[in-house]
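> Structure file data-v2.txt (compact mmCIF, C-alpha atoms) right here:
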```txt
# COMPACT_ATOMS: atom_id res chain seq x y z
CA MET A 113 5.60 13.56 -15.09
CA SER A 114 3.33 15.20 -12.52
CA LYS A 115 2.28 18.85 -12.39
CA TYR A 116 3.50 18.84 -8.82
CA SER A 117 6.89 17.19 -9.10
CA SER A 118 8.55 18.95 -6.16
CA CYS A 119 5.68 17.90 -3.91
CA LEU A 120 5.84 14.35 -5.26
CA GLU A 121 9.58 14.16 -4.58
CA ALA A 122 9.18 15.50 -1.05
CA CYS A 123 6.54 12.84 -0.37
CA GLN A 124 8.82 10.12 -1.77
CA GLU A 125 11.70 11.21 0.48
CA CYS A 126 9.48 11.54 3.52
CA ALA A 127 8.01 8.07 3.02
CA VAL A 128 11.53 6.60 2.91
CA ALA A 129 12.68 8.55 5.97
CA CYS A 130 9.60 7.42 7.93
CA GLN A 131 10.04 3.76 6.96
CA ASN A 132 13.66 3.96 8.08
CA CYS A 133 12.87 5.72 11.37
CA LEU A 134 10.02 3.30 12.09
CA TYR A 135 12.19 0.23 11.55
CA GLN A 136 15.05 1.52 13.68
CA MET A 137 12.70 2.52 16.50
CA ALA A 138 10.66 -0.70 16.40
CA GLY A 139 11.44 -2.63 19.59
CA MET A 140 12.88 0.42 21.41
CA GLU A 141 11.24 2.25 24.24
CA SER A 142 10.10 5.72 23.23
CA SER A 143 9.38 8.85 25.24
CA ASN A 144 6.65 10.00 22.87
CA ASP A 145 4.53 9.02 19.82
CA CYS A 146 7.53 8.20 17.61
CA PRO A 147 7.43 5.66 15.87
CA LYS A 148 3.59 5.52 15.86
CA CYS A 149 3.65 8.78 13.91
CA CYS A 150 6.08 7.28 11.38
CA ILE A 151 3.58 4.51 10.55
CA GLU A 152 0.84 7.06 9.85
CA CYS A 153 3.19 9.38 8.02
CA ALA A 154 4.78 6.75 5.76
CA GLU A 155 1.31 5.62 4.66
CA ILE A 156 -0.07 9.05 3.80
CA CYS A 157 3.15 10.00 1.98
CA GLU A 158 3.01 6.79 -0.08
CA GLN A 159 -0.62 7.53 -0.90
CA ALA A 160 0.17 11.14 -1.81
CA VAL A 161 2.86 9.91 -4.22
CA ARG A 162 0.28 7.71 -5.97
CA VAL A 163 -2.35 10.40 -6.42
CA LEU A 164 0.24 12.98 -7.51
CA ALA A 165 1.67 10.52 -10.04
CA ARG A 166 -1.83 10.17 -11.50
CA ASP A 167 -2.86 13.84 -11.18
CA SER A 168 -5.86 12.41 -9.37
CA ARG A 169 -8.91 14.48 -8.46
CA TYR A 170 -8.19 13.52 -4.84
CA ALA A 171 -4.59 14.79 -4.79
CA GLU A 172 -5.51 17.98 -2.96
CA GLN A 173 -7.43 16.21 -0.18
CA TYR A 174 -4.65 13.68 0.40
CA CYS A 175 -1.98 16.41 0.41
CA GLN A 176 -3.94 18.40 2.97
CA LEU A 177 -4.05 15.37 5.29
CA CYS A 178 -0.40 14.64 4.49
CA ALA A 179 0.64 18.11 5.67
CA GLU A 180 -1.26 17.60 8.92
CA ILE A 181 0.28 14.18 9.64
CA CYS A 182 3.76 15.43 8.67
CA ASP A 183 3.44 18.25 11.21
CA TRP A 184 2.71 15.71 13.93
CA CYS A 185 5.55 13.42 12.89
CA ALA A 186 8.03 16.31 12.61
CA GLU A 187 7.13 17.41 16.13
CA GLN A 188 7.45 13.92 17.64
CA CYS A 189 10.63 12.77 15.85
CA GLY A 190 12.08 16.27 16.36
CA GLU A 191 12.18 15.61 20.12
CA HIS A 192 14.53 12.63 19.66
CA ASP A 193 18.29 12.83 19.14
CA HIS A 194 18.77 9.70 17.00
CA GLU A 195 20.15 10.45 13.57
CA HIS A 196 17.20 8.67 11.88
CA CYS A 197 14.69 10.69 13.94
CA LYS A 198 16.36 13.99 13.02
CA LYS A 199 16.37 13.04 9.33
CA CYS A 200 12.75 11.98 9.56
CA ALA A 201 11.68 15.24 11.24
CA GLU A 202 13.51 17.26 8.58
CA ALA A 203 11.89 15.28 5.74
CA CYS A 204 8.47 15.76 7.38
CA ARG A 205 8.94 19.52 7.62
CA GLU A 206 9.86 19.77 3.94
CA CYS A 207 7.01 17.50 2.92
CA ALA A 208 4.44 19.48 4.95
CA GLU A 209 5.62 22.67 3.28
CA GLU A 210 5.45 21.19 -0.22
CA CYS A 211 2.00 19.73 0.42
CA ARG A 212 0.70 23.11 1.59
CA LYS A 213 2.12 24.75 -1.53
CA MET A 214 0.42 22.11 -3.67
CA VAL A 215 -2.93 22.62 -1.94
CA GLY A 216 -2.62 26.40 -2.35
CA ALA A 217 -1.76 26.08 -6.05
CA ALA A 218 -4.60 23.63 -6.71
CA ALA A 219 -7.22 25.76 -4.93
CA MET B 250 19.70 6.44 3.52
CA SER B 251 19.66 2.95 2.08
CA LYS B 252 22.61 0.81 1.10
CA TYR B 253 20.96 0.45 -2.28
CA SER B 254 20.01 4.01 -3.14
CA SER B 255 20.21 3.71 -6.94
CA CYS B 256 17.90 0.69 -6.82
CA LEU B 257 15.54 2.49 -4.46
CA GLU B 258 15.38 5.51 -6.78
CA ALA B 259 14.76 3.35 -9.84
CA CYS B 260 11.87 1.67 -7.99
CA GLN B 261 10.44 5.06 -6.99
CA GLU B 262 10.53 6.30 -10.58
CA CYS B 263 9.09 3.09 -11.97
CA ALA B 264 6.20 3.14 -9.48
CA VAL B 265 5.33 6.69 -10.58
CA ALA B 266 5.59 5.85 -14.29
CA CYS B 267 3.36 2.79 -13.82
CA GLN B 268 0.73 4.73 -11.85
CA ASN B 269 0.67 7.33 -14.61
CA CYS B 270 0.48 4.80 -17.44
CA LEU B 271 -2.24 2.83 -15.63
CA TYR B 272 -4.41 5.90 -15.11
CA GLN B 273 -4.08 7.12 -18.67
CA MET B 274 -4.84 3.66 -20.07
CA ALA B 275 -7.77 2.98 -17.73
CA GLY B 276 -10.96 3.00 -19.82
CA MET B 277 -9.10 2.57 -23.13
CA GLU B 278 -9.08 -0.57 -25.23
CA SER B 279 -5.69 -2.26 -25.23
CA SER B 280 -4.05 -4.65 -27.66
CA ASN B 281 -2.15 -6.44 -24.91
CA ASP B 282 -1.66 -6.77 -21.13
CA CYS B 283 -0.98 -3.06 -20.59
CA PRO B 284 -2.32 -1.64 -18.19
CA LYS B 285 -2.81 -4.90 -16.23
CA CYS B 286 0.99 -5.13 -16.02
CA CYS B 287 1.18 -1.57 -14.67
CA ILE B 288 -1.03 -2.51 -11.71
CA GLU B 289 1.27 -5.39 -10.81
CA CYS B 290 4.41 -3.40 -11.46
CA ALA B 291 3.40 -0.31 -9.47
CA GLU B 292 2.65 -2.50 -6.46
CA ILE B 293 5.91 -4.45 -6.45
CA CYS B 294 7.94 -1.26 -7.01
CA GLU B 295 6.18 0.44 -4.10
CA GLN B 296 6.89 -2.59 -1.94
CA ALA B 297 10.53 -2.71 -3.05
CA VAL B 298 10.91 0.94 -2.04
CA ARG B 299 9.64 0.12 1.45
CA VAL B 300 11.94 -2.83 2.06
CA LEU B 301 14.96 -1.01 0.60
CA ALA B 302 14.22 2.01 2.81
CA ARG B 303 14.33 -0.32 5.82
CA ASP B 304 17.24 -2.50 4.66
CA SER B 305 14.82 -5.35 5.31
CA ARG B 306 15.88 -8.99 5.31
CA TYR B 307 13.30 -9.49 2.52
CA ALA B 308 14.71 -6.82 0.20
CA GLU B 309 16.45 -9.34 -2.02
CA GLN B 310 13.36 -11.53 -2.52
CA TYR B 311 11.15 -8.55 -3.36
CA CYS B 312 13.75 -7.13 -5.76
CA GLN B 313 14.00 -10.46 -7.56
CA LEU B 314 10.23 -10.50 -8.10
CA CYS B 315 10.35 -6.81 -9.01
CA ALA B 316 12.85 -7.48 -11.81
CA GLU B 317 10.60 -10.23 -13.17
CA ILE B 318 7.45 -8.09 -13.16
CA CYS B 319 9.35 -5.11 -14.62
CA ASP B 320 10.47 -7.31 -17.53
CA TRP B 321 6.86 -8.19 -18.30
CA CYS B 322 5.66 -4.60 -17.99
CA ALA B 323 8.53 -3.26 -20.16
CA GLU B 324 7.64 -5.78 -22.85
CA GLN B 325 3.91 -4.96 -22.81
CA CYS B 326 4.11 -1.16 -22.56
CA GLY B 327 7.00 -1.23 -25.05
CA GLU B 328 4.58 -2.40 -27.74
CA HIS B 329 2.46 0.76 -27.38
CA ASP B 330 3.24 4.14 -28.94
CA HIS B 331 1.66 6.39 -26.30
CA GLU B 332 4.15 8.70 -24.63
CA HIS B 333 3.18 7.39 -21.15
CA CYS B 334 3.67 3.77 -22.28
CA LYS B 335 7.12 4.50 -23.69
CA LYS B 336 8.14 6.28 -20.48
CA CYS B 337 6.76 3.39 -18.44
CA ALA B 338 8.63 0.77 -20.50
CA GLU B 339 11.87 2.74 -20.13
CA ALA B 340 11.42 3.09 -16.35
CA CYS B 341 10.71 -0.65 -16.10
CA ARG B 342 13.88 -1.55 -17.99
CA GLU B 343 16.01 0.62 -15.70
CA CYS B 344 14.29 -0.72 -12.60
CA ALA B 345 14.75 -4.34 -13.67
CA GLU B 346 18.45 -3.71 -14.22
CA GLU B 347 18.89 -2.01 -10.85
CA CYS B 348 16.99 -4.77 -9.05
CA ARG B 349 19.19 -7.43 -10.64
CA LYS B 350 22.30 -5.51 -9.58
CA MET B 351 20.91 -5.29 -6.04
CA VAL B 352 20.20 -9.02 -5.90
CA GLY B 353 23.69 -9.79 -7.22
CA ALA B 354 25.34 -7.50 -4.66
CA ALA B 355 23.30 -8.91 -1.76
CA ALA B 356 24.00 -12.53 -2.70
CA MET C 21 -15.06 -13.57 -5.69
CA SER C 22 -11.63 -15.19 -5.72
CA LYS C 23 -10.83 -18.80 -6.45
CA TYR C 24 -8.94 -18.82 -3.16
CA SER C 25 -11.39 -17.19 -0.78
CA SER C 26 -10.27 -18.95 2.41
CA CYS C 27 -6.68 -17.90 1.72
CA LEU C 28 -7.81 -14.36 0.94
CA GLU C 29 -9.74 -14.16 4.21
CA ALA C 30 -6.82 -15.51 6.23
CA CYS C 31 -4.58 -12.84 4.69
CA GLN C 32 -7.13 -10.12 5.49
CA GLU C 33 -7.32 -11.22 9.13
CA CYS C 34 -3.57 -11.54 9.46
CA ALA C 35 -2.99 -8.07 8.02
CA VAL C 36 -5.39 -6.61 10.60
CA ALA C 37 -3.83 -8.55 13.48
CA CYS C 38 -0.33 -7.42 12.44
CA GLN C 39 -1.35 -3.75 12.14
CA ASN C 40 -2.87 -3.97 15.60
CA CYS C 41 0.12 -5.71 17.17
CA LEU C 42 2.54 -3.30 15.49
CA TYR C 43 0.71 -0.23 16.76
CA GLN C 44 0.43 -1.52 20.31
CA MET C 45 4.10 -2.51 20.40
CA ALA C 46 5.38 0.70 18.82
CA GLY C 47 7.26 2.63 21.48
CA MET C 48 7.69 -0.41 23.75
CA GLU C 49 10.93 -2.25 24.39
CA SER C 50 10.90 -5.71 22.85
CA SER C 51 12.88 -8.83 23.64
CA ASN C 52 12.87 -9.98 20.02
CA ASP C 53 11.97 -9.01 16.43
CA CYS C 54 8.33 -8.20 17.25
CA PRO C 55 7.08 -5.66 16.03
CA LYS C 56 9.59 -5.53 13.14
CA CYS C 57 8.10 -8.78 11.90
CA CYS C 58 4.58 -7.28 12.05
CA ILE C 59 5.60 -4.51 9.63
CA GLU C 60 6.86 -7.06 7.12
CA CYS C 61 3.93 -9.38 7.68
CA ALA C 62 1.20 -6.74 7.38
CA GLU C 63 2.64 -5.63 4.05
CA ILE C 64 2.91 -9.05 2.44
CA CYS C 65 -0.59 -10.01 3.67
CA GLU C 66 -2.04 -6.80 2.21
CA GLN C 67 -0.29 -7.53 -1.07
CA ALA C 68 -1.48 -11.15 -1.06
CA VAL C 69 -5.06 -9.91 -0.62
CA ARG C 70 -4.68 -7.71 -3.70
CA VAL C 71 -3.31 -10.41 -5.98
CA LEU C 72 -5.83 -12.99 -4.74
CA ALA C 73 -8.68 -10.52 -5.34
CA ARG C 74 -7.47 -10.17 -8.93
CA ASP C 75 -6.57 -13.83 -9.52
CA SER C 76 -3.22 -12.41 -10.59
CA ARG C 77 -0.53 -14.48 -12.27
CA TYR C 78 1.72 -13.53 -9.35
CA ALA C 79 -0.60 -14.78 -6.62
CA GLU C 80 1.38 -17.95 -6.08
CA GLN C 81 4.73 -16.19 -5.71
CA TYR C 82 3.35 -13.68 -3.24
CA CYS C 83 1.60 -16.40 -1.22
CA GLN C 84 4.83 -18.38 -1.02
CA LEU C 85 6.64 -15.37 0.41
CA CYS C 86 3.65 -14.64 2.64
CA ALA C 87 3.86 -18.11 4.21
CA GLU C 88 7.56 -17.59 4.91
CA ILE C 89 7.08 -14.19 6.54
CA CYS C 90 4.07 -15.44 8.52
CA ASP C 91 6.22 -18.25 9.94
CA TRP C 92 8.75 -15.70 11.19
CA CYS C 93 6.08 -13.41 12.63
CA ALA C 94 4.25 -16.30 14.34
CA GLU C 95 7.49 -17.39 15.96
CA GLN C 96 8.41 -13.90 17.20
CA CYS C 97 4.98 -12.76 18.41
CA GLY C 98 4.41 -16.24 19.84
CA GLU C 99 7.18 -15.57 22.39
CA HIS C 100 5.28 -12.61 23.86
CA ASP C 101 2.42 -12.80 26.36
CA HIS C 102 0.49 -9.69 25.31
CA GLU C 103 -3.02 -10.43 24.10
CA HIS C 104 -2.34 -8.67 20.76
CA CYS C 105 0.85 -10.69 20.23
CA LYS C 106 -0.93 -13.99 20.88
CA LYS C 107 -3.72 -13.06 18.46
CA CYS C 108 -1.16 -11.99 15.90
CA ALA C 109 0.81 -15.24 16.20
CA GLU C 110 -2.40 -17.26 15.82
CA ALA C 111 -3.48 -15.28 12.72
CA CYS C 112 0.00 -15.76 11.23
CA ARG C 113 -0.11 -19.53 11.74
CA GLU C 114 -3.49 -19.78 10.02
CA CYS C 115 -2.40 -17.51 7.21
CA ALA C 116 0.81 -19.48 6.60
CA GLU C 117 -1.21 -22.68 6.38
CA GLU C 118 -3.76 -21.19 3.96
CA CYS C 119 -0.99 -19.73 1.78
CA ARG C 120 0.76 -23.10 1.59
CA LYS C 121 -2.54 -24.75 0.59
CA MET C 122 -3.04 -22.11 -2.09
CA VAL C 123 0.46 -22.63 -3.49
CA GLY C 124 -0.06 -26.39 -3.51
CA ALA C 125 -3.43 -26.07 -5.29
CA ALA C 126 -2.07 -23.65 -7.88
CA ALA C 127 1.00 -25.76 -8.68
CA MET D 187 -10.24 -6.40 17.23
CA SER D 188 -11.34 -2.93 16.18
CA LYS D 189 -14.03 -0.78 17.75
CA TYR D 190 -15.50 -0.45 14.28
CA SER D 191 -15.50 -4.01 13.02
CA SER D 192 -18.50 -3.73 10.68
CA CYS D 193 -16.91 -0.69 9.02
CA LEU D 194 -13.58 -2.50 8.80
CA GLU D 195 -15.22 -5.52 7.16
CA ALA D 196 -17.12 -3.36 4.67
CA CYS D 197 -13.84 -1.68 3.70
CA GLN D 198 -12.13 -5.06 3.28
CA GLU D 199 -14.90 -6.30 0.99
CA CYS D 200 -15.00 -3.10 -1.00
CA ALA D 201 -11.23 -3.14 -1.55
CA VAL D 202 -11.47 -6.69 -2.92
CA ALA D 203 -14.45 -5.85 -5.16
CA CYS D 204 -12.63 -2.80 -6.54
CA GLN D 205 -9.41 -4.73 -7.24
CA ASN D 206 -11.46 -7.34 -9.08
CA CYS D 207 -13.47 -4.81 -11.11
CA LEU D 208 -10.32 -2.84 -11.95
CA TYR D 209 -8.50 -5.89 -13.23
CA GLN D 210 -11.40 -7.12 -15.34
CA MET D 211 -11.95 -3.67 -16.84
CA ALA D 212 -8.26 -2.98 -17.50
CA GLY D 213 -7.74 -3.02 -21.27
CA MET D 214 -11.46 -2.57 -22.06
CA GLU D 215 -13.06 0.57 -23.43
CA SER D 216 -15.28 2.25 -20.86
CA SER D 217 -18.18 4.66 -21.25
CA ASN D 218 -17.37 6.44 -17.98
CA ASP D 219 -14.84 6.77 -15.15
CA CYS D 220 -14.87 3.04 -14.28
CA PRO D 221 -12.20 1.63 -13.70
CA LYS D 222 -10.40 4.88 -12.78
CA CYS D 223 -12.74 5.11 -9.77
CA CYS D 224 -11.85 1.56 -8.74
CA ILE D 225 -8.16 2.49 -8.47
CA GLU D 226 -8.98 5.38 -6.15
CA CYS D 227 -11.54 3.38 -4.21
CA ALA D 228 -9.38 0.30 -3.67
CA GLU D 229 -6.61 2.49 -2.25
CA ILE D 230 -8.75 4.44 0.21
CA CYS D 231 -10.50 1.25 1.37
CA GLU D 232 -7.15 -0.45 1.97
CA GLN D 233 -6.00 2.59 3.92
CA ALA D 234 -9.23 2.71 5.93
CA VAL D 235 -8.71 -0.94 6.88
CA ARG D 236 -5.24 -0.11 8.21
CA VAL D 237 -6.30 2.83 10.35
CA LEU D 238 -9.38 1.01 11.66
CA ALA D 239 -7.22 -2.00 12.56
CA ARG D 240 -5.03 0.34 14.61
CA ASP D 241 -7.82 2.52 16.04
CA SER D 242 -5.74 5.36 14.66
CA ARG D 243 -6.44 9.01 15.43
CA TYR D 244 -6.83 9.49 11.67
CA ALA D 245 -9.51 6.81 11.21
CA GLU D 246 -12.33 9.35 11.06
CA GLN D 247 -10.67 11.52 8.41
CA TYR D 248 -9.87 8.54 6.20
CA CYS D 249 -13.38 7.12 6.58
CA GLN D 250 -14.90 10.46 5.58
CA LEU D 251 -12.84 10.49 2.40
CA CYS D 252 -13.60 6.80 1.89
CA ALA D 253 -17.35 7.47 1.93
CA GLU D 254 -16.90 10.22 -0.66
CA ILE D 255 -14.82 8.08 -3.02
CA CYS D 256 -17.17 5.09 -2.56
CA ASP D 257 -20.11 7.30 -3.62
CA TRP D 258 -18.30 8.18 -6.85
CA CYS D 259 -17.29 4.58 -7.54
CA ALA D 260 -20.81 3.26 -6.81
CA GLU D 261 -22.24 5.78 -9.27
CA GLN D 262 -19.76 4.97 -12.04
CA CYS D 263 -19.70 1.16 -11.71
CA GLY D 264 -23.47 1.24 -11.18
CA GLU D 265 -23.90 2.41 -14.77
CA HIS D 266 -22.26 -0.74 -16.14
CA ASP D 267 -23.94 -4.13 -16.57
CA HIS D 268 -20.91 -6.39 -16.02
CA GLU D 269 -21.29 -8.70 -13.06
CA HIS D 270 -18.03 -7.39 -11.50
CA CYS D 271 -19.22 -3.78 -11.87
CA LYS D 272 -22.55 -4.51 -10.21
CA LYS D 273 -20.80 -6.28 -7.31
CA CYS D 274 -18.35 -3.40 -7.02
CA ALA D 275 -21.13 -0.78 -6.96
CA GLU D 276 -22.98 -2.74 -4.28
CA ALA D 277 -19.83 -3.10 -2.12
CA CYS D 278 -19.18 0.64 -2.51
CA ARG D 279 -22.68 1.54 -1.36
CA GLU D 280 -22.36 -0.62 1.74
CA CYS D 281 -18.89 0.72 2.49
CA ALA D 282 -20.00 4.34 2.13
CA GLU D 283 -22.84 3.71 4.56
CA GLU D 284 -20.59 2.01 7.12
CA CYS D 285 -17.98 4.77 6.86
CA ARG D 286 -20.63 7.45 7.46
CA LYS D 287 -21.87 5.52 10.51
CA MET D 288 -18.30 5.29 11.80
CA VAL D 289 -17.72 9.02 11.34
CA GLY D 290 -21.01 9.79 13.08
CA ALA D 291 -20.15 7.51 16.01
CA ALA D 292 -16.64 8.93 16.39
CA ALA D 293 -17.79 12.57 16.29
```
Taking this structure as input, can you express it in the form of structure tokens?

Amino acid sequence: MSKYSSCLEACQECAVACQNCLYQMAGMESSNDCPKCCIECAEICEQAVRVLARDSRYAEQYCQLCAEICDWCAEQCGEHDHEHCKKCAEACRECAEECRKMVGAAA
Amino acid sequence: MSKYSSCLEACQECAVACQNCLYQMAGMESSNDCPKCCIECAEICEQAVRVLARDSRYAEQYCQLCAEICDWCAEQCGEHDHEHCKKCAEACRECAEECRKMVGAAA
Amino acid sequence: MSKYSSCLEACQECAVACQNCLYQMAGMESSNDCPKCCIECAEICEQAVRVLARDSRYAEQYCQLCAEICDWCAEQCGEHDHEHCKKCAEACRECAEECRKMVGAAA
Amino acid sequence: MSKYSSCLEACQECAVACQNCLYQMAGMESSNDCPKCCIECAEICEQAVRVLARDSRYAEQYCQLCAEICDWCAEQCGEHDHEHCKKCAEACRECAEECRKMVGAAA
């Protein structure tokens, strides 16, 4: 449906992983910026899905910001041993990579 | 990740199909409530994805509303011959079915 | 702009209060469902704003759910002494009341 | 609640004006990119509200993009004579100005 379907799918998965990590962490003490980063990351991934679904003229700018926020979230969640944090970090790494590919292809 | 992964995936696909149909229809004259229905349907599908990703206590209520809005959108887009409208109607029908299964299983 | 401007404004304020409370609580241990409730409440308030802005046929259903989620969030945040929790609980109480008025007027 | 309350309020109003303009234009033939621009503009304004409500580290980047999208939406809706288009264009101009002030103050 979109020209950038692998990027769109990575953003969908990352949004879900971040929502899950956020909800499991909510109410728990944290040693770092997780789950603050999951709030930011879920939102930009959800927005990237929308603009990719529409082949919007703003897709590239959102994907660039998405890659940046995913890097931060991958780093933070990657320091935690919870299963949901590890899954979230992994999804963020894949999403950042796909977003950078998308930005490179669109340039 | 979620207990209701087939419902979650149907909502993800329907949200994308609705965003696409909405954007292609925007600025075109329409014989019916498409693309108004796509605006409503994209939003409830995106919200259903979030609550399913979190196994939220509100998942059932959102999925019930999602099935209702999907029915309307499937009916409206189903009356149009554009490729994006047909894809949207089909995604809505599948999403409505999955949401009703989810509500039945949660009850 | 909307027929229900006082309800719309209460939803806008509640969404902001919930986002603020959520972010300040993220990473802190909690004695109850705050800030989980703030995630749910921010989302339904944001969605209520959208449907009220459009005078959507689904405004009433969303406002009904919004009142219910606001009640939960007011109760949870109301048990905490942080300034942001007290503000959030107060915004939730006002929003629940406005949503119930809206549903009554629309019925 | 936020350091940037006048920017936050301008984004709230612009999101509402865009949702209204989008819904009224949906299904009508358009001479230009309205209401496509309203879809993009509503989303970035809603996102700007969230990050401003949280005093997020990404507030500046979102507000910069928000100003850019508001400029486009003001230009497009400004070419139409409908009351909802004129209101939308006006809200976009105010929001763009507030977002640029915010970015300048944060820099």
> Please provide as a PDB file with C-alpha atoms, keeping the file's coordinate frame all residues within 9 Å of Ser305 in chain B, with the sequence filter that same-chain residues fewer than 4 positions apart are discarded (counting all atoms listed in the file).

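New file around-v1.pdb:
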```pdb
ATOM      1  CA  TYR A 135      12.190   0.230  11.550  1.00  0.00           C
TER       2      TYR A 135
ATOM      3  CA  ARG B 299       9.640   0.120   1.450  1.00  0.00           C
ATOM      4  CA  VAL B 300      11.940  -2.830   2.060  1.00  0.00           C
ATOM      5  CA  LEU B 301      14.960  -1.010   0.600  1.00  0.00           C
ATOM      6  CA  GLU B 309      16.450  -9.340  -2.020  1.00  0.00           C
TER       7      GLU B 309
ATOM      8  CA  GLU C  60       6.860  -7.060   7.120  1.00  0.00           C
TER       9      GLU C  60
END
```
> With 9 Å as the limit and counting only C-alpha atoms, what residues in chain C lie close to chain D? Please list them as a list in words.
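For chain C, the answer reads Met21, Ser22, Gln32, Ala35, Val36, Ala37, Cys38, Gln39, Asn40, Cys41, Leu42, Tyr43, Gln44, Glu66, Val69, Arg70, Val71, Leu72, Ala73, Arg74, Asp75, Ser76 and His104 of chain C.
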> Nearest to Cys263 in chain B among B:Cys290, B:Ala308, B:Met351, B:Ala316, with distances taken over only C-alpha atoms: which residue is it?
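For Cys263 in chain B, the nearest of the candidates is B:Cys290.
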> Which of these residues is nearest to Ile318 in chain B, using only C-alpha atoms: B:Cys348, B:Cys286, B:Ala355, B:Cys334?
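Among B:Cys348, B:Cys286, B:Ala355, B:Cys334, it is B:Cys286 that comes nearest to Ile318 in chain B.
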> To one decimal place in Å, what is the distance between CA of Cys294 in chain B and CA of Glu343 in chain B?
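Interatomic distance, CA of Cys294 in chain B to CA of Glu343 in chain B: 12.0 Å.
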> With only C-alpha atoms as the atoms that count, which of D:Ala293, D:Cys278, D:Gly264, D:Cys252 lies nearest to Ala234 in chain D?
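Closest residue, counting only C-alpha atoms: D:Cys252.
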> Is there a way to get, as a list in words, all residues within 9 Å of the point (-17.4, 3.8, -11.7) in file coordinates, counting only C-alpha atoms?
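Output of the proximity query reads Asn218, Asp219, Cys220, Pro221, Lys222, Cys223, Cys224, Trp258, Cys259, Ala260, Glu261, Gln262, Cys263, Gly264, Glu265, His266, Cys271, Cys274 and Ala275 of chain D.
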> Extract, using only C-alpha atoms, all DNA, RNA and protein residues at most 7 Å from Gly276 in chain B, discarding same-chain residues fewer than 4 positions from it, and format them as a list of chain:residue names.
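What passes the distance filter is D:Ala212, D:Gly213, D:Met214, D:Glu215, D:Ser216, D:Cys220, D:Pro221.
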> Quick check, in Å to one decimal: how far apart do CA of Glu180 in chain A and CA of Glu210 in chain A lie?
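So the answer is 11.9 Å.
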> Any idea what the distance is between CA of Ala125 in chain C and CA of Tyr307 in chain B?
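Distance between the two atoms: 24.8 Å.
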